[in-house]
$ cat data08.tsv   # TSV, C-alpha atoms
chain	number	residue	atom	x	y	z
A	128	MET	CA	-28.03	15.49	-2.59
A	129	ALA	CA	-29.78	13.93	0.42
A	130	SER	CA	-30.65	10.85	-1.63
A	131	SER	CA	-27.01	10.50	-2.68
A	132	LYS	CA	-25.91	10.64	0.95
A	133	ARG	CA	-28.44	7.96	1.88
A	134	ASP	CA	-27.17	5.78	-0.97
A	135	VAL	CA	-23.57	6.13	0.17
A	136	SER	CA	-24.52	5.48	3.78
A	137	SER	CA	-26.44	2.32	2.91
A	138	SER	CA	-23.60	1.11	0.70
A	139	ALA	CA	-21.09	1.72	3.46
A	140	MET	CA	-23.31	-0.16	5.90
A	141	ARG	CA	-23.54	-3.15	3.55
A	142	CYS	CA	-19.75	-3.22	3.32
A	143	ARG	CA	-19.46	-3.05	7.09
A	144	LYS	CA	-21.91	-5.92	7.49
A	145	LYS	CA	-20.01	-8.02	4.96
A	146	PHE	CA	-16.75	-7.48	6.83
A	147	LEU	CA	-18.36	-8.42	10.13
A	148	ARG	CA	-19.91	-11.55	8.65
A	149	PHE	CA	-16.42	-12.82	7.91
A	150	PHE	CA	-14.86	-11.34	11.05
A	151	PRO	CA	-17.50	-10.91	13.80
A	152	GLU	CA	-15.01	-9.35	16.23
A	153	GLY	CA	-13.92	-6.80	13.63
A	154	PHE	CA	-10.28	-5.79	13.54
A	155	ARG	CA	-9.59	-7.77	16.74
A	156	ASP	CA	-11.06	-10.98	15.35
A	157	GLU	CA	-8.57	-13.85	15.58
A	158	THR	CA	-9.34	-15.07	12.08
A	159	TYR	CA	-8.94	-11.55	10.69
A	160	ILE	CA	-5.57	-11.20	12.38
A	161	ASP	CA	-4.50	-14.60	11.06
A	162	TRP	CA	-5.73	-14.11	7.49
A	163	GLU	CA	-5.18	-10.42	6.89
A	164	ARG	CA	-3.18	-8.54	9.49
A	165	ASP	CA	-0.36	-10.67	10.88
A	166	TYR	CA	1.81	-11.01	7.77
A	167	LYS	CA	1.50	-7.29	6.94
A	168	GLN	CA	2.30	-6.31	10.51
A	169	GLU	CA	5.27	-8.68	10.51
A	170	ALA	CA	6.62	-7.09	7.32
A	171	HIS	CA	6.31	-3.66	8.95
A	172	GLU	CA	8.17	-4.86	12.04
A	173	GLN	CA	10.94	-6.32	9.88
A	174	TRP	CA	11.22	-3.01	8.07
A	175	SER	CA	11.33	-1.08	11.34
A	176	ALA	CA	14.14	-3.32	12.55
A	177	GLY	CA	16.22	-3.51	9.38
A	178	LEU	CA	15.47	-0.49	7.22
A	179	ASN	CA	14.23	2.28	9.50
A	180	GLN	CA	15.21	5.88	8.85
A	181	VAL	CA	18.45	5.79	10.86
A	182	GLU	CA	19.60	2.50	9.31
A	183	HIS	CA	18.57	3.53	5.79
A	184	ARG	CA	20.44	6.85	6.10
A	185	SER	CA	23.53	5.11	7.49
A	186	LEU	CA	23.59	2.65	4.58
A	187	LEU	CA	23.17	5.49	2.07
A	188	ARG	CA	26.15	7.35	3.54
A	189	LYS	CA	28.25	4.20	3.18
A	190	GLY	CA	27.14	3.76	-0.43
A	191	GLU	CA	25.50	0.44	0.41
A	192	PHE	CA	22.80	0.84	-2.22
A	193	SER	CA	22.60	-2.83	-3.16
A	194	GLU	CA	22.21	-3.76	0.50
A	195	ILE	CA	19.30	-1.35	0.91
A	196	ALA	CA	17.59	-2.70	-2.20
A	197	SER	CA	18.24	-6.28	-1.12
A	198	ARG	CA	16.68	-5.71	2.30
A	199	ALA	CA	13.62	-4.00	0.80
A	200	VAL	CA	13.10	-6.77	-1.74
A	201	ARG	CA	13.62	-9.48	0.87
A	202	ILE	CA	11.06	-8.00	3.29
A	203	GLU	CA	8.45	-7.58	0.56
A	204	SER	CA	9.11	-11.06	-0.84
A	205	ARG	CA	7.74	-12.63	2.35
A	206	THR	CA	4.31	-11.13	1.65
A	207	ASN	CA	1.81	-11.83	-1.10
A	208	LEU	CA	1.23	-8.14	-1.82
A	209	LEU	CA	2.92	-8.07	-5.24
A	210	PHE	CA	2.22	-10.37	-8.15
A	211	SER	CA	5.09	-12.68	-9.10
A	212	PHE	CA	5.79	-10.70	-12.29
A	213	GLU	CA	6.08	-7.50	-10.22
A	214	LYS	CA	8.47	-9.17	-7.78
A	215	MET	CA	10.59	-10.30	-10.73
A	216	ALA	CA	10.53	-6.85	-12.34
A	217	LEU	CA	11.63	-5.28	-9.06
A	218	ARG	CA	14.51	-7.69	-8.61
A	219	ASP	CA	15.66	-7.01	-12.17
A	220	ALA	CA	15.33	-3.24	-11.69
A	221	VAL	CA	17.65	-3.10	-8.68
A	222	LYS	CA	20.16	-5.68	-9.88
A	223	SER	CA	22.48	-3.13	-11.48
A	224	ALA	CA	24.50	-0.65	-9.41
A	225	GLU	CA	22.68	2.31	-10.94
A	226	GLY	CA	19.26	0.75	-10.41
A	227	ALA	CA	20.05	0.01	-6.77
A	228	ARG	CA	21.33	3.56	-6.24
A	229	SER	CA	18.27	5.22	-7.79
A	230	PHE	CA	15.88	2.95	-5.90
A	231	SER	CA	17.60	3.37	-2.54
A	232	GLN	CA	17.94	7.13	-2.69
A	233	GLY	CA	14.46	7.63	-4.14
A	234	LEU	CA	12.88	5.39	-1.53
A	235	TYR	CA	14.57	7.26	1.32
A	236	ASP	CA	13.34	10.59	0.00
A	237	PHE	CA	9.82	9.21	-0.38
A	238	LEU	CA	9.62	7.67	3.08
A	239	TYR	CA	11.69	10.05	5.17
A	240	GLY	CA	12.39	13.17	3.11
A	241	THR	CA	11.06	16.67	3.62
A	242	GLY	CA	8.39	18.40	1.60
A	243	SER	CA	4.77	17.72	0.83
A	244	LEU	CA	3.39	14.22	0.51
A	245	GLU	CA	2.26	15.13	-3.00
A	246	GLY	CA	5.74	16.19	-4.07
A	247	LYS	CA	7.40	13.16	-2.51
A	248	PHE	CA	4.94	10.76	-4.10
A	249	GLU	CA	5.31	12.32	-7.55
A	250	ARG	CA	9.11	12.17	-7.33
A	251	TRP	CA	8.92	8.52	-6.21
A	252	CYS	CA	6.77	7.69	-9.24
A	253	ASP	CA	9.38	9.34	-11.44
A	254	VAL	CA	12.15	7.28	-9.81
A	255	VAL	CA	10.28	4.01	-10.31
A	256	ALA	CA	9.45	4.93	-13.91
A	257	GLU	CA	13.15	5.41	-14.66
A	258	LEU	CA	14.38	2.17	-13.08
A	259	PRO	CA	15.99	-0.32	-15.49
A	260	ARG	CA	13.58	-2.87	-16.92
A	261	ARG	CA	14.02	-6.07	-18.85
A	262	GLN	CA	10.67	-7.39	-19.99
A	263	THR	CA	8.06	-6.47	-17.40
A	264	ARG	CA	7.26	-2.85	-16.55
A	265	VAL	CA	8.19	-1.67	-13.09
A	266	LEU	CA	5.78	1.26	-12.87
A	267	THR	CA	2.66	-0.41	-11.47
A	268	TRP	CA	0.40	0.77	-8.70
A	269	PRO	CA	1.21	-2.14	-6.38
A	270	LEU	CA	4.96	-1.63	-6.80
A	271	VAL	CA	4.76	2.12	-6.30
A	272	THR	CA	2.69	1.82	-3.11
A	273	VAL	CA	3.94	-1.36	-1.43
A	274	PHE	CA	7.00	0.05	0.33
A	275	GLY	CA	5.24	3.06	1.80
A	276	PHE	CA	2.57	0.71	3.11
A	277	ILE	CA	5.09	-1.67	4.68
A	278	ALA	CA	7.35	1.04	6.09
A	279	THR	CA	4.81	3.59	7.34
A	280	PRO	CA	1.31	2.08	7.52
A	281	GLU	CA	0.17	4.96	9.70
A	282	THR	CA	0.51	7.18	6.59
A	283	HIS	CA	0.57	5.14	3.40
A	284	ILE	CA	-1.81	2.61	1.88
A	285	PHE	CA	-1.37	-0.13	-0.70
A	286	LEU	CA	-3.23	-0.07	-4.01
A	287	LYS	CA	-4.34	-3.14	-5.92
A	288	PRO	CA	-6.24	-1.49	-8.77
A	289	ASN	CA	-8.97	-4.01	-9.64
A	290	VAL	CA	-9.81	-4.88	-6.04
A	291	THR	CA	-9.76	-1.27	-4.89
A	292	ARG	CA	-11.94	-0.08	-7.76
A	293	ALA	CA	-14.44	-2.84	-7.04
A	294	ALA	CA	-14.42	-1.97	-3.34
A	295	ALA	CA	-14.98	1.71	-4.05
A	296	ARG	CA	-17.99	0.86	-6.21
A	297	GLU	CA	-19.42	-1.32	-3.47
A	298	TYR	CA	-18.82	1.41	-0.92
A	299	GLY	CA	-20.31	4.16	-3.05
A	300	PHE	CA	-17.06	6.14	-3.15
A	301	ASN	CA	-16.12	8.00	-6.33
A	302	PHE	CA	-12.54	6.75	-6.66
A	303	GLN	CA	-10.63	8.85	-9.22
A	304	TYR	CA	-8.53	6.10	-10.81
A	305	GLN	CA	-5.97	6.39	-13.58
A	306	SER	CA	-3.84	3.42	-14.58
A	307	ARG	CA	-0.50	5.25	-14.59
A	308	PRO	CA	0.60	6.03	-11.02
A	309	ASN	CA	-0.06	9.68	-10.20
A	310	TRP	CA	-0.83	11.89	-7.21
A	311	ALA	CA	-4.48	12.57	-8.09
A	312	THR	CA	-5.35	8.87	-7.90
A	313	TYR	CA	-3.29	8.27	-4.78
A	314	SER	CA	-4.82	11.31	-3.11
A	315	SER	CA	-8.27	9.95	-3.97
A	316	LEU	CA	-7.32	6.61	-2.42
A	317	LEU	CA	-6.18	8.36	0.77
A	318	GLU	CA	-9.53	10.14	0.85
A	319	PHE	CA	-11.31	6.79	0.45
A	320	ALA	CA	-9.21	5.37	3.27
A	321	GLU	CA	-10.05	8.31	5.53
A	322	THR	CA	-13.75	7.91	4.73
A	323	VAL	CA	-13.59	4.24	5.70
A	324	ARG	CA	-11.62	5.06	8.86
A	325	ARG	CA	-14.20	7.63	9.89
A	326	ASP	CA	-17.15	5.35	9.14
A	327	LEU	CA	-15.57	2.49	11.12
A	328	SER	CA	-14.25	4.58	14.00
A	329	ASP	CA	-16.18	2.50	16.55
A	330	LEU	CA	-14.31	-0.62	15.35
A	331	LYS	CA	-11.04	1.20	16.11
A	332	PRO	CA	-8.91	0.54	13.01
A	333	ARG	CA	-5.27	0.83	14.07
A	334	ASP	CA	-3.67	1.97	10.84
A	335	MET	CA	-3.76	1.58	7.06
A	336	ILE	CA	-3.20	-2.17	7.43
A	337	ASP	CA	-6.69	-2.44	8.86
A	338	ILE	CA	-8.14	-0.02	6.31
A	339	GLN	CA	-6.49	-1.77	3.36
A	340	SER	CA	-7.65	-5.14	4.66
A	341	PHE	CA	-11.23	-3.88	4.93
A	342	ILE	CA	-11.04	-2.60	1.34
A	343	TRP	CA	-9.60	-5.95	0.24
A	344	VAL	CA	-12.51	-7.84	1.77
A	345	GLN	CA	-14.96	-5.69	-0.18
A	346	GLY	CA	-13.32	-6.05	-3.58
A	347	SER	CA	-11.54	-9.40	-3.66
A	348	ASP	CA	-13.12	-12.55	-5.05
A	349	GLU	CA	-11.55	-14.34	-2.08
A	350	TYR	CA	-14.44	-12.94	-0.08
A	351	GLU	CA	-17.32	-13.53	-2.42
A	352	GLU	CA	-20.56	-14.41	-0.65

$ encode --input "data08.tsv" --output "C-alpha coordinates"
Amino acid sequence: MASSKRDVSSSAMRCRKKFLRFFPEGFRDETYIDWERDYKQEAHEQWSAGLNQVEHRSLLRKGEFSEIASRAVRIESRTNLLFSFEKMALRDAVKSAEGARSFSQGLYDFLYGTGSLEGKFERWCDVVAELPRRQTRVLTWPLVTVFGFIATPETHIFLKPNVTRAAAREYGFNFQYQSRPNWATYSSLLEFAETVRRDLSDLKPRDMIDIQSFIWVQGSDEYEE
(Lines of atoms letter the chains of each structure in order from A and count residues from 1; the text may use other names and numbers.)
(Lines give C-alpha, C1' and ligand atoms only; values in the text may rest on other atoms or scores of the structure.)
Protein backbone atom coordinates (compact mmCIF):
# COMPACT_ATOMS: atom_id res chain seq x y z
CA MET A 1 0.00 0.00 0.00
CA ALA A 2 2.81 2.43 0.88
CA SER A 3 4.48 1.76 -2.47
CA SER A 4 1.21 2.49 -4.27
CA LYS A 5 0.91 5.80 -2.45
CA ARG A 6 4.47 6.72 -3.41
CA ASP A 7 3.72 5.85 -7.04
CA VAL A 8 0.61 8.04 -7.07
CA SER A 9 2.45 10.87 -5.36
CA SER A 10 5.32 10.79 -7.84
CA SER A 11 2.90 10.63 -10.76
CA ALA A 12 0.97 13.59 -9.41
CA MET A 13 4.22 15.52 -8.99
CA ARG A 14 5.23 14.80 -12.59
CA CYS A 15 1.87 16.14 -13.76
CA ARG A 16 2.29 19.24 -11.63
CA LYS A 17 5.77 19.85 -13.05
CA LYS A 18 4.49 19.44 -16.60
CA PHE A 19 1.75 22.01 -16.00
CA LEU A 20 4.23 24.46 -14.51
CA ARG A 21 6.64 24.01 -17.41
CA PHE A 22 3.96 25.33 -19.73
CA PHE A 23 2.58 27.85 -17.23
CA PRO A 24 5.27 28.85 -14.69
CA GLU A 25 2.89 31.13 -12.78
CA GLY A 26 0.32 28.35 -12.45
CA PHE A 27 -3.34 29.27 -12.65
CA ARG A 28 -2.46 32.99 -12.66
CA ASP A 29 -0.06 32.67 -15.58
CA GLU A 30 -0.99 35.09 -18.38
CA THR A 31 -0.48 32.46 -21.07
CA TYR A 32 -2.62 29.97 -19.15
CA ILE A 33 -5.40 32.52 -18.82
CA ASP A 34 -5.16 33.34 -22.52
CA TRP A 35 -4.99 29.75 -23.77
CA GLU A 36 -7.18 27.88 -21.32
CA ARG A 37 -9.23 29.96 -18.92
CA ASP A 38 -10.53 33.12 -20.58
CA TYR A 39 -12.92 31.60 -23.12
CA LYS A 40 -14.40 29.20 -20.55
CA GLN A 41 -14.81 31.99 -18.02
CA GLU A 42 -16.41 34.17 -20.68
CA ALA A 43 -18.92 31.43 -21.52
CA HIS A 44 -19.79 31.15 -17.82
CA GLU A 45 -20.30 34.91 -17.55
CA GLN A 46 -22.55 34.88 -20.63
CA TRP A 47 -24.57 32.08 -19.07
CA SER A 48 -24.85 33.94 -15.76
CA ALA A 49 -26.12 37.00 -17.61
CA GLY A 50 -28.51 35.33 -20.04
CA LEU A 51 -29.57 31.97 -18.64
CA ASN A 52 -29.20 32.14 -14.86
CA GLN A 53 -31.74 30.44 -12.62
CA VAL A 54 -34.16 33.38 -12.43
CA GLU A 55 -34.07 34.00 -16.19
CA HIS A 56 -34.31 30.29 -17.04
CA ARG A 57 -37.31 29.85 -14.72
CA SER A 58 -39.02 32.94 -16.15
CA LEU A 59 -38.60 31.67 -19.71
CA LEU A 60 -39.94 28.24 -18.73
CA ARG A 61 -43.06 29.80 -17.23
CA LYS A 62 -43.64 31.70 -20.47
CA GLY A 63 -43.20 28.52 -22.51
CA GLU A 64 -40.17 29.99 -24.26
CA PHE A 65 -38.48 26.62 -24.69
CA SER A 66 -36.92 27.37 -28.07
CA GLU A 67 -35.45 30.59 -26.68
CA ILE A 68 -33.83 28.73 -23.79
CA ALA A 69 -32.37 26.12 -26.13
CA SER A 70 -31.20 28.80 -28.54
CA ARG A 71 -29.38 30.71 -25.80
CA ALA A 72 -27.71 27.56 -24.47
CA VAL A 73 -26.58 26.49 -27.93
CA ARG A 74 -25.35 29.98 -28.78
CA ILE A 75 -23.25 30.30 -25.62
CA GLU A 76 -21.67 26.88 -26.10
CA SER A 77 -21.04 27.50 -29.80
CA ARG A 78 -18.53 30.23 -28.94
CA THR A 79 -16.29 27.67 -27.23
CA ASN A 80 -14.33 24.75 -28.65
CA LEU A 81 -15.54 22.35 -25.97
CA LEU A 82 -17.74 20.21 -28.23
CA PHE A 83 -16.72 18.57 -31.47
CA SER A 84 -18.46 19.92 -34.58
CA PHE A 85 -20.55 16.75 -34.93
CA GLU A 86 -21.76 17.16 -31.33
CA LYS A 87 -22.67 20.81 -31.94
CA MET A 88 -24.65 19.73 -35.01
CA ALA A 89 -26.39 16.91 -33.15
CA LEU A 90 -27.38 19.32 -30.39
CA ARG A 91 -28.80 21.87 -32.80
CA ASP A 92 -30.81 19.13 -34.51
CA ALA A 93 -32.03 17.76 -31.18
CA VAL A 94 -33.54 21.06 -30.01
CA LYS A 95 -34.89 22.19 -33.37
CA SER A 96 -38.34 20.70 -32.83
CA ALA A 97 -40.77 22.10 -30.25
CA GLU A 98 -40.74 18.86 -28.28
CA GLY A 99 -36.96 18.63 -28.33
CA ALA A 100 -36.61 22.21 -27.12
CA ARG A 101 -39.15 21.61 -24.35
CA SER A 102 -37.47 18.43 -23.08
CA PHE A 103 -34.02 20.00 -23.23
CA SER A 104 -35.04 23.22 -21.49
CA GLN A 105 -36.97 21.60 -18.68
CA GLY A 106 -34.41 18.85 -18.17
CA LEU A 107 -31.54 21.31 -18.11
CA TYR A 108 -33.26 23.49 -15.49
CA ASP A 109 -33.87 20.49 -13.26
CA PHE A 110 -30.25 19.39 -13.64
CA LEU A 111 -28.73 22.79 -12.91
CA TYR A 112 -31.15 24.27 -10.42
CA GLY A 113 -33.51 21.52 -9.25
CA THR A 114 -33.74 19.90 -5.85
CA GLY A 115 -32.53 16.46 -4.89
CA SER A 116 -29.19 14.71 -4.90
CA LEU A 117 -26.55 15.42 -7.50
CA GLU A 118 -26.64 11.74 -8.41
CA GLY A 119 -30.37 11.78 -9.07
CA LYS A 120 -30.23 15.00 -11.04
CA PHE A 121 -27.35 13.78 -13.18
CA GLU A 122 -29.03 10.46 -13.94
CA ARG A 123 -32.27 12.19 -14.93
CA TRP A 124 -30.33 14.60 -17.16
CA CYS A 125 -28.68 11.66 -18.92
CA ASP A 126 -32.12 10.19 -19.50
CA VAL A 127 -33.36 13.48 -20.96
CA VAL A 128 -30.41 13.76 -23.34
CA ALA A 129 -30.79 10.12 -24.38
CA GLU A 130 -34.41 10.76 -25.38
CA LEU A 131 -33.78 13.92 -27.40
CA PRO A 132 -34.62 13.67 -31.12
CA ARG A 133 -31.70 12.67 -33.30
CA ARG A 134 -31.10 12.66 -37.01
CA GLN A 135 -27.81 10.99 -37.82
CA THR A 136 -25.38 11.66 -34.98
CA ARG A 137 -26.06 10.48 -31.43
CA VAL A 138 -26.70 13.14 -28.83
CA LEU A 139 -25.77 11.11 -25.76
CA THR A 140 -22.03 11.74 -25.50
CA TRP A 141 -19.99 12.59 -22.45
CA PRO A 142 -19.00 16.05 -23.71
CA LEU A 143 -22.60 16.96 -24.51
CA VAL A 144 -23.94 15.67 -21.20
CA THR A 145 -21.35 17.57 -19.15
CA VAL A 146 -20.75 20.80 -21.08
CA PHE A 147 -23.71 22.81 -19.79
CA GLY A 148 -23.15 22.02 -16.13
CA PHE A 149 -19.53 23.04 -16.58
CA ILE A 150 -20.42 26.34 -18.26
CA ALA A 151 -23.29 27.21 -15.93
CA THR A 152 -21.89 26.12 -12.55
CA PRO A 153 -18.12 25.54 -12.74
CA GLU A 154 -17.91 25.62 -8.96
CA THR A 155 -19.78 22.26 -8.99
CA HIS A 156 -19.60 20.58 -12.39
CA ILE A 157 -16.72 19.51 -14.60
CA PHE A 158 -16.46 18.77 -18.32
CA LEU A 159 -15.50 15.33 -19.60
CA LYS A 160 -13.58 14.67 -22.79
CA PRO A 161 -13.18 10.89 -22.56
CA ASN A 162 -9.88 10.21 -24.32
CA VAL A 163 -8.05 13.17 -22.82
CA THR A 164 -9.41 12.56 -19.33
CA ARG A 165 -8.56 8.86 -19.39
CA ALA A 166 -5.03 9.66 -20.54
CA ALA A 167 -4.68 12.29 -17.82
CA ALA A 168 -5.91 9.91 -15.14
CA ARG A 169 -3.33 7.33 -16.21
CA GLU A 170 -0.58 9.94 -16.07
CA TYR A 171 -1.77 11.07 -12.66
CA GLY A 172 -2.06 7.56 -11.26
CA PHE A 173 -5.79 7.90 -10.59
CA ASN A 174 -8.05 4.89 -11.11
CA PHE A 175 -10.74 6.57 -13.21
CA GLN A 176 -13.83 4.33 -13.45
CA TYR A 177 -14.82 5.06 -17.05
CA GLN A 178 -17.75 3.69 -19.02
CA SER A 179 -18.56 5.00 -22.48
CA ARG A 180 -22.29 5.52 -21.89
CA PRO A 181 -22.88 8.51 -19.61
CA ASN A 182 -23.70 7.33 -16.09
CA TRP A 183 -23.36 8.50 -12.49
CA ALA A 184 -20.61 6.06 -11.48
CA THR A 185 -18.23 7.47 -14.09
CA TYR A 186 -19.16 11.07 -13.38
CA SER A 187 -18.78 10.51 -9.65
CA SER A 188 -15.33 9.04 -10.31
CA LEU A 189 -14.44 12.12 -12.35
CA LEU A 190 -15.55 14.41 -9.51
CA GLU A 191 -13.34 12.38 -7.18
CA PHE A 192 -10.42 12.80 -9.59
CA ALA A 193 -11.10 16.53 -9.72
CA GLU A 194 -11.17 16.76 -5.93
CA THR A 195 -7.89 14.83 -5.72
CA VAL A 196 -6.27 17.27 -8.14
CA ARG A 197 -7.73 20.25 -6.26
CA ARG A 198 -6.35 18.96 -2.98
CA ASP A 199 -2.92 18.18 -4.44
CA LEU A 200 -2.70 21.65 -6.04
CA SER A 201 -4.18 23.60 -3.14
CA ASP A 202 -1.08 25.81 -2.88
CA LEU A 203 -1.63 26.92 -6.51
CA LYS A 204 -5.15 28.03 -5.50
CA PRO A 205 -7.36 26.64 -8.28
CA ARG A 206 -10.48 28.81 -8.42
CA ASP A 207 -13.02 26.32 -9.71
CA MET A 208 -13.53 23.39 -12.06
CA ILE A 209 -12.35 25.53 -14.98
CA ASP A 210 -8.87 25.44 -13.51
CA ILE A 211 -9.14 21.74 -12.61
CA GLN A 212 -10.43 20.76 -16.05
CA SER A 213 -7.71 22.81 -17.70
CA PHE A 214 -5.03 21.09 -15.62
CA ILE A 215 -6.46 17.69 -16.63
CA TRP A 216 -6.52 18.81 -20.27
CA VAL A 217 -2.84 19.73 -20.17
CA GLN A 218 -1.99 16.25 -18.89
CA GLY A 219 -3.95 14.29 -21.48
CA SER A 220 -4.11 16.38 -24.65
CA ASP A 221 -1.65 15.99 -27.50
CA GLU A 222 -1.68 19.79 -27.69
CA TYR A 223 0.67 19.67 -24.73
CA GLU A 224 3.00 16.90 -25.74
CA GLU A 225 6.58 17.44 -24.61

$ closest_residue --input "data08.tsv" --among "A:Leu238, A:Val181, A:Ile277, A:Ala139" --to "Val200 in chain A" --atoms "only C-alpha atoms"
A:Ile277

$ atom_distance --input "data08.tsv" --atom1 "CA of Asn179 in chain A" --atom2 "CA of Arg250 in chain A"
20.2 Å

$ residues_near_point --input "data08.tsv" --point "(-24.9, -1.3, -1.0)" --cutoff "12 Å" --atoms "all atoms listed in the file" --output "list in words"
Arg133, Asp134, Val135, Ser136, Ser137, Ser138, Ala139, Met140, Arg141, Cys142, Arg143, Lys144, Lys145, Ala294, Ala295, Arg296, Glu297, Tyr298, Gly299, Phe300 and Gln345 of chain A

$ write_last_selection --input "data08.tsv" --atoms "C-alpha atoms" --output "PDB file, in the frame of the given file"
ATOM      1  CA  ARG A 133     -28.440   7.960   1.880  1.00  0.00           C
ATOM      2  CA  ASP A 134     -27.170   5.780  -0.970  1.00  0.00           C
ATOM      3  CA  VAL A 135     -23.570   6.130   0.170  1.00  0.00           C
ATOM      4  CA  SER A 136     -24.520   5.480   3.780  1.00  0.00           C
ATOM      5  CA  SER A 137     -26.440   2.320   2.910  1.00  0.00           C
ATOM      6  CA  SER A 138     -23.600   1.110   0.700  1.00  0.00           C
ATOM      7  CA  ALA A 139     -21.090   1.720   3.460  1.00  0.00           C
ATOM      8  CA  MET A 140     -23.310  -0.160   5.900  1.00  0.00           C
ATOM      9  CA  ARG A 141     -23.540  -3.150   3.550  1.00  0.00           C
ATOM     10  CA  CYS A 142     -19.750  -3.220   3.320  1.00  0.00           C
ATOM     11  CA  ARG A 143     -19.460  -3.050   7.090  1.00  0.00           C
ATOM     12  CA  LYS A 144     -21.910  -5.920   7.490  1.00  0.00           C
ATOM     13  CA  LYS A 145     -20.010  -8.020   4.960  1.00  0.00           C
ATOM     14  CA  ALA A 294     -14.420  -1.970  -3.340  1.00  0.00           C
ATOM     15  CA  ALA A 295     -14.980   1.710  -4.050  1.00  0.00           C
ATOM     16  CA  ARG A 296     -17.990   0.860  -6.210  1.00  0.00           C
ATOM     17  CA  GLU A 297     -19.420  -1.320  -3.470  1.00  0.00           C
ATOM     18  CA  TYR A 298     -18.820   1.410  -0.920  1.00  0.00           C
ATOM     19  CA  GLY A 299     -20.310   4.160  -3.050  1.00  0.00           C
ATOM     20  CA  PHE A 300     -17.060   6.140  -3.150  1.00  0.00           C
ATOM     21  CA  GLN A 345     -14.960  -5.690  -0.180  1.00  0.00           C
TER      22      GLN A 345
END

$ residues_around --input "data08.tsv" --residues "range 282-291 of chain A" --least-positions-apart "5" --cutoff "9 Å" --atoms "only C-alpha atoms" --output "PyMOL selection string"
chain A and resi 208-209+268-277+296+302+304+306+313+316-317+320+334-336+338-339+342-348

$ atom_distance --input "data08.tsv" --atom1 "CA of Ser223 in chain A" --atom2 "CA of Arg260 in chain A"
10.4 Å

$ closest_residue --input "data08.tsv" --among "A:Asp329, A:Glu194, A:Asp253, A:Glu351" --to "Arg307 in chain A" --atoms "all atoms listed in the file"
A:Asp253

$ atom_distance --input "data08.tsv" --atom1 "CA of Ala278 in chain A" --atom2 "CA of Pro259 in chain A"
23.3 Å

$ residues_around --input "data08.tsv" --residues "Lys331 in chain A" --least-positions-apart "6" --cutoff "10 Å" --atoms "all atoms listed in the file" --output "list in words"
Gly153, Phe154, Arg155, Arg324, Arg325 and Asp337 of chain A

$ write_last_selection --input "data08.tsv" --atoms "C-alpha atoms" --output "PDB file, keeping the file's coordinate frame"
ATOM      1  CA  GLY A 153     -13.920  -6.800  13.630  1.00  0.00           C
ATOM      2  CA  PHE A 154     -10.280  -5.790  13.540  1.00  0.00           C
ATOM      3  CA  ARG A 155      -9.590  -7.770  16.740  1.00  0.00           C
ATOM      4  CA  ARG A 324     -11.620   5.060   8.860  1.00  0.00           C
ATOM      5  CA  ARG A 325     -14.200   7.630   9.890  1.00  0.00           C
ATOM      6  CA  ASP A 337      -6.690  -2.440   8.860  1.00  0.00           C
TER       7      ASP A 337
END

$ closest_residue --input "data08.tsv" --among "A:Ala311, A:Leu330, A:Ala256, A:Ala176" --to "Phe230 in chain A" --atoms "all atoms listed in the file"
A:Ala256

$ axis_aligned_box --input "data08.tsv" --around "range 294-303 of chain A" --padding-each-side "3 Å" --output "AutoDock Vina command-line options"
--center_x -15.5 --center_y 3.4 --center_z -5.1 --size_x 15.7 --size_y 16.8 --size_z 14.3

$ closest_residue --input "data08.tsv" --among "A:Ser340, A:Ser197, A:Ser229, A:Gln262" --to "Gly177 in chain A" --atoms "all atoms listed in the file"
A:Ser197

$ closest_residue --input "data08.tsv" --among "A:Ser185, A:Ala170, A:Arg228, A:Tyr159" --to "Arg201 in chain A" --atoms "only C-alpha atoms"
A:Ala170

$ closest_residue --input "data08.tsv" --among "A:Leu234, A:Leu266, A:Ala220, A:Val254" --to "Gln180 in chain A" --atoms "only C-alpha atoms"
A:Leu234
